[in-house]
file protein_26.cif (mmCIF, C-alpha atoms)
data_final
#
loop_
_atom_site.label_atom_id
_atom_site.label_comp_id
_atom_site.auth_asym_id
_atom_site.auth_seq_id
_atom_site.Cartn_x
_atom_site.Cartn_y
_atom_site.Cartn_z
CA MET Z 1 223.70 174.09 185.88
CA LEU Z 2 226.36 173.62 188.54
CA ASP Z 3 224.43 175.99 190.80
CA LEU Z 4 221.34 173.80 190.43
CA ALA Z 5 223.37 170.76 191.44
CA ARG Z 6 224.74 172.44 194.53
CA LYS Z 7 221.23 173.40 195.59
CA GLY Z 8 219.94 169.85 195.07
CA LEU Z 9 217.56 170.98 192.30
CA LEU Z 10 219.31 169.38 189.34
CA PRO Z 11 217.43 166.04 189.35
CA ALA Z 12 214.06 167.75 188.99
CA PHE Z 13 215.43 170.01 186.25
CA MET Z 14 216.89 167.06 184.36
CA ALA Z 15 213.65 165.08 184.63
CA GLU Z 16 211.77 167.84 182.83
CA THR Z 17 214.37 168.84 180.25
CA ALA Z 18 215.88 167.10 177.23
CA ASN Z 19 218.74 168.95 175.55
CA ASP Z 20 222.45 168.57 174.88
CA GLU Z 21 223.41 170.22 178.15
CA VAL Z 22 221.34 167.80 180.20
CA ARG Z 23 222.65 164.79 178.26
CA PHE Z 24 226.17 166.00 179.01
CA CYS Z 25 225.36 166.30 182.71
CA HIS Z 26 224.07 162.73 182.91
CA GLY Z 27 227.63 161.54 182.27
CA ASN Z 28 229.41 164.22 184.28
CA TRP Z 29 229.74 163.16 187.90
CA GLY Z 30 231.19 166.50 188.90
CA VAL Z 31 227.83 168.06 188.04
CA ILE Z 32 225.17 165.47 188.83
CA GLY Z 33 226.56 164.11 192.12
CA HIS Z 34 224.99 165.39 195.31
CA PRO Z 35 227.29 167.67 197.35
CA TYR Z 36 227.65 165.01 200.04
CA GLN Z 37 228.87 162.52 197.40
CA HIS Z 38 231.94 164.59 196.58
CA PRO Z 39 235.11 164.61 198.71
CA PRO Z 40 234.99 167.33 201.37
CA GLY Z 41 237.57 170.06 201.52
CA GLY Z 42 240.19 170.31 204.22
CA ASP Z 43 243.21 168.36 205.36
CA TRP Z 44 241.57 165.01 206.13
CA THR Z 45 242.93 161.47 206.02
CA VAL Z 46 239.59 159.69 206.54
CA TRP Z 47 236.38 160.69 204.81
CA LEU Z 48 233.45 159.20 206.75
CA LEU Z 49 230.27 159.21 204.67
CA LEU Z 50 227.32 158.22 206.86
CA GLY Z 51 224.08 157.67 205.00
CA GLY Z 52 220.79 155.85 204.84
CA ARG Z 53 219.83 153.06 202.48
CA GLY Z 54 219.80 154.25 198.88
CA ALA Z 55 221.39 157.60 199.72
CA GLY Z 56 224.12 157.04 197.13
CA LYS Z 57 227.01 155.89 199.34
CA THR Z 58 228.15 153.15 196.94
CA ARG Z 59 228.06 155.50 193.96
CA ALA Z 60 230.12 158.03 195.90
CA GLY Z 61 232.73 155.39 196.75
CA ALA Z 62 232.91 154.04 193.20
CA GLU Z 63 233.27 157.52 191.72
CA TRP Z 64 235.97 158.42 194.25
CA VAL Z 65 237.96 155.32 193.31
CA ARG Z 66 237.44 156.00 189.61
CA GLY Z 67 238.67 159.55 190.01
CA LEU Z 68 241.76 158.49 191.94
CA ALA Z 69 242.71 155.83 189.41
CA ALA Z 70 242.05 157.98 186.34
CA SER Z 71 243.92 161.02 187.63
CA GLY Z 72 246.90 159.14 189.01
CA GLY Z 73 245.98 160.25 192.49
CA ALA Z 74 246.43 156.68 193.69
CA GLY Z 75 248.15 153.71 192.11
CA ARG Z 76 247.26 150.96 194.60
CA ILE Z 77 243.81 151.00 196.18
CA ALA Z 78 242.33 148.65 198.78
CA LEU Z 79 238.64 147.75 198.50
CA VAL Z 80 237.35 146.32 201.79
CA GLY Z 81 233.79 145.13 202.38
CA GLU Z 82 231.93 143.09 204.97
CA THR Z 83 232.47 139.90 202.93
CA MET Z 84 234.18 139.08 199.65
CA ALA Z 85 230.75 138.65 198.08
CA ASP Z 86 229.85 142.21 199.13
CA VAL Z 87 233.03 143.59 197.59
CA ARG Z 88 232.38 141.80 194.31
CA GLU Z 89 228.61 142.23 194.02
CA VAL Z 90 228.24 145.72 195.45
CA MET Z 91 231.50 147.64 195.29
CA ILE Z 92 232.80 146.28 191.97
CA GLU Z 93 230.05 144.66 189.88
CA GLY Z 94 226.98 146.33 191.39
CA PRO Z 95 224.72 148.79 189.54
CA SER Z 96 226.48 151.68 191.31
CA GLY Z 97 229.85 149.91 191.57
CA ILE Z 98 233.23 150.68 190.09
CA LEU Z 99 232.67 148.95 186.74
CA ALA Z 100 229.31 150.64 186.24
CA VAL Z 101 230.59 154.20 186.74
CA HIS Z 102 233.25 153.90 184.04
CA ALA Z 103 232.70 154.60 180.38
CA ARG Z 104 233.24 151.42 178.38
CA GLY Z 105 236.57 152.58 176.94
CA GLY Z 106 238.13 153.41 180.31
CA ARG Z 107 236.74 150.52 182.33
CA PRO Z 108 239.29 148.57 184.36
CA ALA Z 109 239.78 144.85 183.82
CA TRP Z 110 238.26 142.81 186.63
CA ILE Z 111 240.16 139.61 187.39
CA PRO Z 112 238.03 137.73 189.97
CA SER Z 113 240.52 134.92 190.47
CA ARG Z 114 243.12 137.45 191.65
CA ARG Z 115 240.58 139.75 193.35
CA ARG Z 116 242.10 142.55 191.29
CA LEU Z 117 241.03 145.53 189.17
CA GLU Z 118 243.54 146.83 186.61
CA TRP Z 119 243.16 150.19 184.85
CA PRO Z 120 244.71 150.92 181.44
CA ASN Z 121 247.04 153.47 183.04
CA GLY Z 122 248.49 150.91 185.46
CA ALA Z 123 246.45 151.73 188.57
CA VAL Z 124 245.39 148.68 190.56
CA ALA Z 125 242.70 147.97 193.19
CA LEU Z 126 242.68 144.83 195.34
CA ALA Z 127 239.60 143.34 197.01
CA PHE Z 128 239.56 142.22 200.66
CA SER Z 129 237.01 140.81 203.08
CA ALA Z 130 236.77 142.27 206.58
CA GLU Z 131 236.03 138.72 207.73
CA ASP Z 132 239.71 137.93 207.14
CA PRO Z 133 241.74 140.76 208.72
CA GLU Z 134 244.99 138.83 208.24
CA SER Z 135 244.61 139.06 204.45
CA LEU Z 136 245.38 142.78 204.82
CA ARG Z 137 248.71 142.01 206.43
CA GLY Z 138 251.49 142.58 203.89
CA PRO Z 139 249.95 144.52 200.95
CA GLN Z 140 250.48 148.27 200.83
CA PHE Z 141 248.32 151.04 199.40
CA ASP Z 142 248.00 154.76 198.90
CA ALA Z 143 244.18 154.81 199.17
CA ALA Z 144 241.35 152.63 200.47
CA TRP Z 145 237.58 152.40 200.24
CA ALA Z 146 235.93 150.65 203.21
CA ASP Z 147 232.24 149.90 202.74
CA GLU Z 148 229.61 149.25 205.48
CA LEU Z 149 232.13 149.47 208.29
CA GLY Z 150 229.30 149.35 210.81
CA LYS Z 151 228.56 145.74 209.84
CA TRP Z 152 232.09 144.34 209.93
CA ARG Z 153 232.29 141.34 212.25
CA HIS Z 154 235.96 141.97 213.11
CA ALA Z 155 235.83 145.74 212.70
CA ASP Z 156 238.75 146.75 214.91
CA ALA Z 157 241.10 144.02 213.70
CA ALA Z 158 240.37 144.60 209.99
CA TRP Z 159 240.57 148.37 210.38
CA ASP Z 160 243.91 148.19 212.21
CA GLN Z 161 245.45 145.97 209.54
CA LEU Z 162 244.20 148.33 206.83
CA GLN Z 163 245.86 151.29 208.55
CA PHE Z 164 249.21 149.49 208.61
CA GLY Z 165 248.93 148.95 204.86
CA LEU Z 166 248.30 152.62 204.00
CA ARG Z 167 251.97 153.53 203.62
CA LEU Z 168 252.42 154.58 199.98
CA GLY Z 169 252.40 158.06 198.49
CA GLN Z 170 252.65 161.46 200.11
CA LYS Z 171 249.37 161.28 202.00
CA PRO Z 172 247.31 158.06 201.93
CA ARG Z 173 243.58 158.65 202.25
CA GLU Z 174 240.60 156.42 202.80
CA LEU Z 175 236.85 156.66 202.35
CA VAL Z 176 234.40 154.91 204.67
CA THR Z 177 230.84 154.55 203.38
CA THR Z 178 228.45 153.09 205.92
CA THR Z 179 225.07 153.16 207.50
CA PRO Z 180 225.89 154.43 210.99
CA ARG Z 181 225.84 151.99 213.86
CA ALA Z 182 226.89 152.83 217.38
CA ILE Z 183 229.99 150.65 217.38
CA PRO Z 184 233.15 151.85 219.15
CA LEU Z 185 235.16 152.17 215.92
CA ILE Z 186 232.68 154.53 214.25
CA LYS Z 187 232.47 156.57 217.45
CA ARG Z 188 236.26 156.91 217.45
CA LEU Z 189 236.27 158.03 213.82
CA LEU Z 190 233.59 160.62 214.53
CA ALA Z 191 235.78 162.03 217.29
CA ASP Z 192 238.98 161.95 215.20
CA PRO Z 193 240.05 165.48 214.14
CA ALA Z 194 241.69 163.98 211.04
CA ALA Z 195 238.33 162.63 209.83
CA ALA Z 196 235.91 164.60 207.66
CA VAL Z 197 232.27 163.60 208.13
CA THR Z 198 229.42 163.99 205.64
CA ARG Z 199 225.87 162.72 206.11
CA ALA Z 200 223.04 161.79 203.79
CA ARG Z 201 219.42 160.66 204.11
CA THR Z 202 217.60 158.27 201.85
CA ALA Z 203 215.20 161.09 200.98
CA ASP Z 204 218.10 163.18 199.65
CA ASN Z 205 218.45 160.72 196.77
CA ALA Z 206 214.74 160.11 196.17
CA TYR Z 207 215.05 161.03 192.47
CA ASN Z 208 217.08 157.86 191.87
CA LEU Z 209 214.86 155.52 193.91
CA ALA Z 210 211.61 153.72 193.09
CA PRO Z 211 208.57 155.80 194.12
CA ALA Z 212 207.05 152.69 195.71
CA PHE Z 213 210.09 152.38 197.97
CA ILE Z 214 209.80 155.97 199.10
CA GLY Z 215 206.07 155.68 199.69
CA ALA Z 216 205.97 152.30 201.42
CA VAL Z 217 209.30 151.79 203.18
CA VAL Z 218 210.06 155.37 204.13
CA GLY Z 219 206.48 155.95 205.22
CA ARG Z 220 206.44 152.84 207.35
CA TYR Z 221 209.77 153.29 209.15
CA ALA Z 222 210.08 157.08 209.37
CA GLY Z 223 210.91 158.15 212.90
CA THR Z 224 211.50 154.64 214.26
CA ARG Z 225 214.90 153.53 215.55
CA LEU Z 226 215.41 151.43 212.43
CA GLY Z 227 214.24 154.22 210.16
CA ARG Z 228 216.44 156.82 211.77
CA GLN Z 229 219.46 154.56 211.35
CA GLU Z 230 218.75 152.95 207.98
CA LEU Z 231 216.96 155.85 206.24
CA ASP Z 232 218.15 159.05 207.93
CA GLY Z 233 221.71 157.90 208.56
CA GLU Z 234 221.58 158.86 212.22
CA MET Z 235 223.74 157.37 214.94
CA VAL Z 236 221.06 156.02 217.26
CA GLU Z 237 222.56 155.32 220.67
CA GLU Z 238 221.45 154.16 224.08
CA ARG Z 239 223.15 154.01 227.44
CA ALA Z 240 224.08 150.69 228.96
CA ASP Z 241 222.50 151.76 232.28
CA ALA Z 242 219.40 153.38 230.77
CA LEU Z 243 215.98 152.36 232.09
CA TRP Z 244 214.71 151.76 228.54
CA THR Z 245 216.25 150.04 225.54
CA ARG Z 246 215.51 150.59 221.88
CA ALA Z 247 214.62 146.92 221.53
CA VAL Z 248 211.88 147.13 224.18
CA ILE Z 249 210.39 150.26 222.63
CA GLU Z 250 210.45 148.76 219.13
CA ALA Z 251 208.88 145.52 220.36
CA GLY Z 252 205.90 147.48 221.62
CA ARG Z 253 205.47 149.83 218.68
CA THR Z 254 202.09 149.50 217.03
CA ASP Z 255 199.88 151.10 214.41
CA ALA Z 256 196.71 149.97 216.19
CA SER Z 257 193.83 152.42 216.37
CA GLY Z 258 191.34 150.65 218.64
CA PRO Z 259 189.12 152.33 221.25
CA LEU Z 260 190.57 153.55 224.53
CA ALA Z 261 188.77 153.64 227.85
CA ARG Z 262 190.59 156.71 229.13
CA ILE Z 263 192.99 159.29 227.65
CA VAL Z 264 195.09 161.83 229.51
CA VAL Z 265 197.51 164.57 228.53
CA ALA Z 266 200.36 164.93 231.02
CA VAL Z 267 202.16 168.24 231.45
CA ASP Z 268 205.58 168.74 233.05
CA PRO Z 269 205.80 172.55 233.21
CA PRO Z 270 209.13 174.40 233.34
CA ALA Z 271 210.08 176.45 236.37
CA SER Z 272 210.79 179.49 234.19
CA SER Z 273 210.25 180.76 230.66
CA GLY Z 274 212.52 182.01 227.90
CA ARG Z 275 214.94 180.54 225.38
CA ARG Z 276 217.18 178.96 228.02
CA ALA Z 277 214.37 177.53 230.11
CA ASP Z 278 213.60 173.83 230.27
CA ALA Z 279 211.04 172.55 227.79
CA CYS Z 280 207.45 171.96 228.81
CA GLY Z 281 206.87 168.24 228.50
CA ILE Z 282 203.49 167.42 226.98
CA VAL Z 283 202.72 163.74 226.34
CA ALA Z 284 199.38 162.02 225.74
CA ALA Z 285 198.56 158.40 226.50
CA GLY Z 286 195.49 156.22 226.74
CA ILE Z 287 194.54 152.89 228.28
CA ASP Z 288 192.35 150.26 226.67
CA GLY Z 289 189.86 147.85 228.20
CA ASP Z 290 192.59 145.25 228.78
CA GLY Z 291 194.74 147.63 230.80
CA HIS Z 292 197.29 148.14 228.01
CA VAL Z 293 198.68 151.69 227.77
CA HIS Z 294 199.16 153.38 224.39
CA VAL Z 295 201.41 156.45 224.06
CA LEU Z 296 199.64 158.67 221.55
CA ALA Z 297 201.55 161.92 221.12
CA ASP Z 298 204.52 164.00 222.17
CA ALA Z 299 203.66 167.69 221.85
CA THR Z 300 206.50 169.03 224.01
CA VAL Z 301 207.30 172.71 223.39
CA SER Z 302 210.26 174.94 224.21
CA GLY Z 303 210.81 178.64 224.74
CA LEU Z 304 207.16 179.53 225.39
CA ARG Z 305 205.67 181.55 228.19
CA PRO Z 306 203.10 179.82 230.43
CA ALA Z 307 200.16 180.91 228.29
CA GLY Z 308 201.88 179.37 225.25
CA TRP Z 309 202.54 175.91 226.68
CA ALA Z 310 199.09 175.90 228.30
CA GLN Z 311 197.48 176.50 224.90
CA ALA Z 312 199.61 173.70 223.37
CA ALA Z 313 198.54 171.24 226.08
CA ILE Z 314 194.88 172.12 225.78
CA ALA Z 315 195.02 171.90 221.98
CA LEU Z 316 196.28 168.32 222.28
CA TYR Z 317 193.61 167.58 224.89
CA ARG Z 318 190.92 168.82 222.51
CA ARG Z 319 192.32 166.99 219.49
CA LEU Z 320 192.41 163.64 221.26
CA GLU Z 321 189.15 164.21 223.16
CA ALA Z 322 191.01 163.39 226.34
CA ASP Z 323 189.57 162.93 229.79
CA ALA Z 324 191.94 165.08 231.84
CA LEU Z 325 195.15 167.08 232.00
CA VAL Z 326 197.62 165.57 234.49
CA VAL Z 327 199.92 168.35 235.67
CA GLU Z 328 202.96 168.20 237.92
CA VAL Z 329 202.78 171.06 240.43
CA ASN Z 330 206.16 170.72 242.16
CA GLN Z 331 207.90 173.37 240.07
CA GLY Z 332 205.25 176.02 239.65
CA GLY Z 333 202.98 175.14 242.54
CA GLU Z 334 199.43 176.24 241.87
CA MET Z 335 200.60 178.48 239.02
CA ALA Z 336 200.45 175.65 236.48
CA THR Z 337 196.89 174.64 237.31
CA THR Z 338 195.81 178.28 237.46
CA ILE Z 339 197.25 179.04 234.00
CA LEU Z 340 195.52 176.00 232.50
CA SER Z 341 192.19 176.81 234.16
CA GLU Z 342 192.35 180.41 233.00
CA THR Z 343 193.14 179.29 229.45
CA ASP Z 344 190.13 176.96 229.34
CA PRO Z 345 188.01 176.61 232.50
CA ALA Z 346 186.15 173.62 231.04
CA VAL Z 347 189.23 171.38 230.99
CA PRO Z 348 189.52 169.08 234.05
CA VAL Z 349 192.98 169.42 235.59
CA CYS Z 350 194.43 166.70 237.80
CA PRO Z 351 197.39 168.03 239.80
CA VAL Z 352 200.10 165.54 240.84
CA ARG Z 353 203.05 166.10 243.13
CA ALA Z 354 206.37 164.27 243.05
CA THR Z 355 207.44 162.79 246.37
CA ARG Z 356 210.32 160.74 244.95
CA GLY Z 357 213.19 161.44 242.54
CA LYS Z 358 212.78 161.18 238.80
CA TYR Z 359 214.57 157.85 238.53
CA LEU Z 360 212.49 156.21 241.25
CA ARG Z 361 209.29 157.50 239.64
CA ALA Z 362 210.36 156.21 236.24
CA GLU Z 363 211.34 152.69 237.35
CA PRO Z 364 207.81 151.23 237.66
CA VAL Z 365 206.85 152.75 234.30
CA ALA Z 366 209.93 151.20 232.66
CA ALA Z 367 208.88 147.88 234.23
CA LEU Z 368 205.50 148.15 232.45
CA TYR Z 369 207.37 148.47 229.15
CA GLU Z 370 209.43 145.38 229.99
CA GLN Z 371 206.20 143.49 230.71
CA GLY Z 372 204.82 144.45 227.30
CA ARG Z 373 202.04 146.58 228.79
CA VAL Z 374 202.92 149.87 227.04
CA SER Z 375 202.99 150.53 223.29
CA HIS Z 376 203.83 153.56 221.18
CA ARG Z 377 201.25 154.35 218.51
CA GLY Z 378 203.70 155.80 216.05
CA ALA Z 379 207.25 157.07 216.47
CA PHE Z 380 208.39 159.78 218.87
CA PRO Z 381 212.14 160.19 218.21
CA ALA Z 382 212.91 162.98 220.71
CA LEU Z 383 210.98 161.29 223.50
CA GLU Z 384 212.55 157.91 222.77
CA ASP Z 385 216.02 159.44 222.75
CA GLU Z 386 215.41 160.72 226.28
CA MET Z 387 214.09 157.34 227.40
CA CYS Z 388 217.17 155.49 226.13
CA ASP Z 389 219.53 158.08 227.62
CA PHE Z 390 217.99 158.21 231.08
CA GLY Z 391 220.00 156.46 233.78
CA PRO Z 392 220.56 156.76 237.54
CA GLY Z 393 222.25 160.13 237.06
CA GLY Z 394 219.62 161.53 234.69
CA LEU Z 395 220.34 162.41 231.06
CA SER Z 396 223.96 162.35 229.88
CA SER Z 397 223.53 165.96 228.71
CA GLY Z 398 222.62 167.08 232.22
CA ARG Z 399 219.39 168.64 230.99
CA SER Z 400 216.00 168.01 232.50
CA PRO Z 401 214.15 164.99 230.97
CA ASP Z 402 210.98 166.97 230.37
CA ARG Z 403 209.42 164.68 227.76
CA LEU Z 404 210.23 161.64 229.87
CA ASP Z 405 208.73 163.22 232.99
CA ALA Z 406 205.47 163.89 231.16
CA LEU Z 407 205.45 160.32 229.83
CA VAL Z 408 205.97 158.92 233.33
CA TRP Z 409 203.12 161.01 234.75
CA ALA Z 410 200.75 159.94 231.94
CA VAL Z 411 201.49 156.21 232.13
CA ALA Z 412 201.56 156.15 235.94
CA HIS Z 413 198.22 157.96 236.12
CA LEU Z 414 196.61 155.46 233.78
CA ALA Z 415 198.16 152.18 234.92
CA LEU Z 416 199.60 152.66 238.41
CA THR Z 417 196.85 154.56 240.18
CA PRO Z 418 193.18 153.69 240.80
CA ARG Z 419 191.33 154.13 237.53
CA ALA Z 420 189.19 157.24 237.39
CA THR Z 421 185.78 157.39 235.76
CA PRO Z 422 186.14 158.26 232.08
CA ARG Z 423 184.66 161.53 230.90
CA VAL Z 424 181.59 161.07 228.70
CA ARG Z 425 182.50 162.02 225.14
CA THR Z 426 179.96 163.68 222.90
CA LEU Z 427 180.49 162.91 219.24
#

call {"tool": "encode", "arguments": {"input": "protein_26.cif", "output": "structure tokens"}}
result
Amino acid sequence: MLDLARKGLLPAFMAETANDEVRFCHGNWGVIGHPYQHPPGGDWTVWLLLGGRGAGKTRAGAEWVRGLAASGGAGRIALVGETMADVREVMIEGPSGILAVHARGGRPAWIPSRRRLEWPNGAVALAFSAEDPESLRGPQFDAAWADELGKWRHADAAWDQLQFGLRLGQKPRELVTTTPRAIPLIKRLLADPAAAVTRARTADNAYNLAPAFIGAVVGRYAGTRLGRQELDGEMVEERADALWTRAVIEAGRTDASGPLARIVVAVDPPASSGRRADACGIVAAGIDGDGHVHVLADATVSGLRPAGWAQAAIALYRRLEADALVVEVNQGGEMATTILSETDPAVPVCPVRATRGKYLRAEPVAALYEQGRVSHRGAFPALEDEMCDFGPGGLSSGRSPDRLDALVWAVAHLALTPRATPRVRTL
């Protein structure tokens, strides 16, 4: 049974089985909790649990507090949420809160007027709002649970005051449960060697969520910036000097499926092949009758020889019934066009040559996004990460922006050069 839990298979087993062992497991957190909901091993002082909506962060925090209080592992615990209402309605009284995870006989007494939980064994938890950092000045604790740190209005001030109060016991510890947001405090915690980090996606806890939520919400937001943050628990960042922002990309995202006057697949071939070679950027885009560009697909591939990436580009061309392959020939010269022509002689190849640097080529395309003239039909997380990490010095990783290069070639060909005659499609 414990092995099933560790493999994440217990929920399905429990849903199909009704016996004494399963009924026992329903009340045994040590068995039914997901691995990421249990404290990690190691010598940590901060446990940072980053997760999507409904991933079970609140349940993990409530169970951790319950375990500390019941075992005597902590006698004075701080409960800190975004607001006092959040502490009361989510952390304490909520369906996955501290009161709910206790059996009726061992449930602590909740005294709202004193913002205080009292356990039968003498353990105490006090509730605080991050909106009032000064309220944390004075009290002292041997453990703390901080919920939704990424949303705290006065995050640094409240966090600092909480640290000053963690001065009881041999080794005070604290749990942070939050949907990740790229705020400086969370970045510092991620870089802190004394912090243990666990991550969880909404999908990891699907057994405990409404099927309609999984089907509608997850399906709608999967892959978008909001979905990656709120559902996958990812830290979605962007550079201050990047040419694109997440907000601009999201504003243009669409699920439209109208007709397009012209479609191209742009290819940014690598200069070499092999595992360490740059990726081959392959991005498709189309333009409608109003001159609006729609990004349709990112089929970028890595580690393939020329014949491999040529086949991938042509497969996308065929699937979308595109009009042409736009291929940069700076790196491989005529080799790229030759490989594509040999793979499928019927595919029209339009070679393009870069005469300016990547940043200068990308600027007018980024301007089209700012003007609302480019939309993404769907979500392309890897491509969008490159876009929001591309500044005057290139990508922060130092790698080649292969997906971005292909995007720039596709959009520029469609919207910034004289429009070519569309290929006649036979249906």

call {"tool": "residues_near_point", "arguments": {"input": "protein_26.cif", "point": "(245.3, 145.4, 198.6)", "cutoff": "8 Å", "atoms": "only C-alpha atoms", "output": "ChimeraX atom specification"}}
result
/Z:76-79,125-128,136,139-141

call {"tool": "resolve_selection", "arguments": {"input": "protein_26.cif", "expression": "the PyMOL selection byres ((chain Z and resi 163-171) around 12)", "output": "ChimeraX atom specification"}}
result
/Z:43-46,72-78,80,133-146,156-162,172-174

call {"tool": "atom_distance", "arguments": {"input": "protein_26.cif", "atom1": "atom CA of Z:Lys151", "atom2": "atom CA of Z:Arg116"}}
result
23.2 Å

call {"tool": "resolve_selection", "arguments": {"input": "protein_26.cif", "expression": "the PyMOL selection byres ((chain Z and resi 258) around 12)", "output": "number ranges by chain"}}
result
Z: 254-257, 259-261, 286-290, 292-294, 296, 377

call {"tool": "closest_residue", "arguments": {"input": "protein_26.cif", "among": "Z:Leu48, Z:Ala70, Z:Val326, Z:Leu99", "to": "Z:Leu185", "atoms": "only C-alpha atoms"}}
result
Z:Leu48

call {"tool": "closest_residue", "arguments": {"input": "protein_26.cif", "among": "Z:Val90, Z:Ala212, Z:Val349, Z:Val411", "to": "Z:Ala284", "atoms": "all atoms listed in the file"}}
result
Z:Val411

call {"tool": "resolve_selection", "arguments": {"input": "protein_26.cif", "expression": "the PyMOL selection byres ((chain Z and resi 97) around 10)", "output": "VMD selection string"}}
result
chain Z and resid 58 to 63 65 to 66 87 to 96 98 to 102

call {"tool": "write_last_selection", "arguments": {"input": "protein_26.cif", "atoms": "C-alpha atoms", "output": "compact mmCIF listing (two decimals), keeping the file's coordinate frame"}}
result
# COMPACT_ATOMS: atom_id res chain seq x y z
CA THR Z 58 228.15 153.15 196.94
CA ARG Z 59 228.06 155.50 193.96
CA ALA Z 60 230.12 158.03 195.90
CA GLY Z 61 232.73 155.39 196.75
CA ALA Z 62 232.91 154.04 193.20
CA GLU Z 63 233.27 157.52 191.72
CA VAL Z 65 237.96 155.32 193.31
CA ARG Z 66 237.44 156.00 189.61
CA VAL Z 87 233.03 143.59 197.59
CA ARG Z 88 232.38 141.80 194.31
CA GLU Z 89 228.61 142.23 194.02
CA VAL Z 90 228.24 145.72 195.45
CA MET Z 91 231.50 147.64 195.29
CA ILE Z 92 232.80 146.28 191.97
CA GLU Z 93 230.05 144.66 189.88
CA GLY Z 94 226.98 146.33 191.39
CA PRO Z 95 224.72 148.79 189.54
CA SER Z 96 226.48 151.68 191.31
CA ILE Z 98 233.23 150.68 190.09
CA LEU Z 99 232.67 148.95 186.74
CA ALA Z 100 229.31 150.64 186.24
CA VAL Z 101 230.59 154.20 186.74
CA HIS Z 102 233.25 153.90 184.04

call {"tool": "residues_near_point", "arguments": {"input": "protein_26.cif", "point": "(208.6, 169.0, 233.4)", "cutoff": "6 Å", "atoms": "all atoms listed in the file", "output": "NGL selection string"}}
result
:Z and (268-270 or 280-281 or 402 or 405)

call {"tool": "closest_residue", "arguments": {"input": "protein_26.cif", "among": "Z:Val265, Z:Ala182, Z:Met387, Z:Val374", "to": "Z:Ala406", "atoms": "all atoms listed in the file"}}
result
Z:Val265

call {"tool": "closest_atom_pairs", "arguments": {"input": "protein_26.cif", "of": "stretch 372-399 of chain Z", "to": "stretch 297-318 of chain Z", "cutoff": "9 Å", "atoms": "all atoms listed in the file", "output": "CSV"}}
result
residue,atom,partner,partner_atom,distance
Z:His376,CA,Z:Ala297,CA,8.7
Z:Arg377,CA,Z:Ala297,CA,8.0
Z:Gly378,CA,Z:Ala297,CA,8.2
Z:Ala379,CA,Z:Ala297,CA,8.8
Z:Phe380,CA,Z:Asp298,CA,6.6
Z:Ala382,CA,Z:Asp298,CA,8.6
Z:Leu383,CA,Z:Asp298,CA,7.1

call {"tool": "residues_around", "arguments": {"input": "protein_26.cif", "residues": "Z:Phe390", "least_positions_apart": "4", "cutoff": "9 Å", "atoms": "all atoms listed in the file", "output": "list in words"}}
result
Glu238, Arg239, Asp241, Ala242, Leu243, Trp244, Tyr359, Asp385, Glu386, Gly394, Leu395, Ser396, Pro401 and Leu404 of chain Z

call {"tool": "atom_distance", "arguments": {"input": "protein_26.cif", "atom1": "atom CA of Z:Glu328", "atom2": "atom CA of Z:Val365"}}
result
16.3 Å

call {"tool": "atom_distance", "arguments": {"input": "protein_26.cif", "atom1": "atom CA of Z:Ala410", "atom2": "atom CA of Z:Leu360"}}
result
15.4 Å

call {"tool": "closest_residue", "arguments": {"input": "protein_26.cif", "among": "Z:Ile183, Z:Ala195, Z:Val347, Z:Leu149", "to": "Z:Glu237", "atoms": "all atoms listed in the file"}}
result
Z:Ile183
